[in-house]
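Data first, discussion second: the structure below is written as structure tokens.
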Amino acid sequence: SPDISVTNTKAHLDKLQEIATANGGNRYTGRPGYKASADWVKAKLDAAGYTTTLQSFSTSAGTSYNVIAEWPHGDANHVVMTGAHLDSVSSGAGINDNGTGSAGVLEVALAYAASGQTPRNRLRFGFWGAEEIGLLGSKYYVGQLSATEKAKLRLYLNFDMIGSPNPGYFVYNDNPAGNGARDDLTAYFTSKNIATEYIDVQGRSDHAAFRASGIATAGTFTGAEGTKTSAQATKWGGTAGQAYDPCYHRACDNINNLSLTALDRNIDAIGHMVWNYAQKDYADPEPPA
Ligand code: PHE
Ligand code: CA
Ligand code: ZN
Ligand code: ZN
Ligand code: ZN
């Protein structure tokens, strides 16, 4: 597996903080800090050789945008997609929620492009707008796919809050039966001697729209407003009786609101999954719908 650079990922977070600071302190839907975030991510992916689309859609808070990037190699009938929401709430810069997922997915995409790998499958990356006002960007994206395009999507991996300052190591458990990606994520952390817990995140992030369309999903999460138990502090470190992210949806979710250790472990897990699923043999004939 690749070692995804936490230094580069932290530099992406510094840039997202800088964008928020220059635009009234947030990256909220309909505000200039969101569009600047989307333009910046798109430019990085364009420069790395991705085929990118800025997909606009309207919301009650104004126009929002998804950035979609595809690596133009591999079997276009077998698409492995990885995504994160790029918008923040209005109260702050949204560095853990969800600068971490956005920066991590971006760095994995850039590292893959630089790696010289020859993928068997088609890799696609999504940076969603308007998650914070109802998962709107991911819903819009899935909603505009034809049945044919949906059938090509073999896996959607979601990352929302992966650098919480008092971290837990949670693997989504709300997947359709037979989805090996959850188990692959768990096995990866186990191989690094990191204990994980399953969490049923239900409709709380952007994998929900994919899951509702019958697409396999998986993801990781280091915790939001929930409280770390003493048993969790024993196995993971950190502070029992305190929230995983005490700055969740607050102004203090800024560049200081991070565990770089948790972030590094999670971005390496993303890299592991992307590298492996890029080569997965999705044997034809297609499985029944
Ligand atoms: N989607 C939530 C938010 O952005 C956070 C969250 C992520 C909750 C993953 C549960 C699981 O505020
Ligand atoms: Ca790393
Ligand atoms: Zn949020
Ligand atoms: Zn979030
Ligand atoms: Zn096929």
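Note on naming: chains are A, B, ... as they come in the structure tokens, residues start from 1 per chain, ligands start from 1 in the order shown.
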
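Taking only C-alpha atoms and all ligand atoms into account, every polymer residue with at least one atom at most 6 Å away from ligand 2 is listed here: A:Asp3, A:Ile4, A:Ser5, A:Val6, A:Asp264, A:Asp268.
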
Any residue with an atom at most 6 Å from ligand 4 counts, using only C-alpha atoms and all ligand atoms. Which are they? Put them as a PDB file with C-alpha atoms, in the first residue's frame.
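In the end it all went to out_37.pdb:
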```
ATOM      1  CA  ASP A  97     -15.684  18.666   9.059  1.00  0.00           C
ATOM      2  CA  ASN A  98     -14.837  18.121   6.303  1.00  0.00           C
ATOM      3  CA  ASP A 160     -16.392  12.728   6.406  1.00  0.00           C
ATOM      4  CA  MET A 161     -14.430  13.820   9.514  1.00  0.00           C
TER       5      MET A 161
END
```

Proximity check stretch 114-159 of chain A to stretch 92-96 of chain A, 12 Å, nearest pairs one decimal Å, only C-alpha atoms, as JSON lines:
```
{"residue": "A:Glu131", "atom": "CA", "partner": "A:Gly94", "partner_atom": "CA", "distance": 12.0}
{"residue": "A:Glu132", "atom": "CA", "partner": "A:Gly94", "partner_atom": "CA", "distance": 10.5}
{"residue": "A:Phe159", "atom": "CA", "partner": "A:Asn96", "partner_atom": "CA", "distance": 11.0}
```

If you keep N, CA, C and O atoms, can you produce a file of those selected residues as a tab-separated table (two decimals), in the first residue's frame?
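So selection-v8.tsv came out as:
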```tsv
chain	number	residue	atom	x	y	z
A	131	GLU	N	-23.49	19.42	1.53
A	131	GLU	CA	-23.79	18.30	2.44
A	131	GLU	C	-24.47	18.81	3.70
A	131	GLU	O	-25.39	18.19	4.24
A	132	GLU	N	-24.00	19.95	4.18
A	132	GLU	CA	-24.45	20.44	5.49
A	132	GLU	C	-25.89	20.95	5.49
A	132	GLU	O	-26.45	21.19	6.55
A	159	PHE	N	-15.64	9.68	3.00
A	159	PHE	CA	-14.81	10.11	4.13
A	159	PHE	C	-15.28	11.48	4.60
A	159	PHE	O	-15.17	12.48	3.89
```

Would you kindly return, as a VMD selection string, each protein, DNA or RNA residue with an atom no farther than 12 Å from any atom of A:Gly137, considering only C-alpha atoms and excluding same-chain residues fewer than 4 positions away?
-> chain A and resid 29 54 to 59 63 to 68 83 to 87 126 to 133 141 to 144 205 to 210

Quick one: pull the distance between atom CA of A:Gly116 and atom CA of A:Lys42, Å, one decimal.
-> 20.9 Å
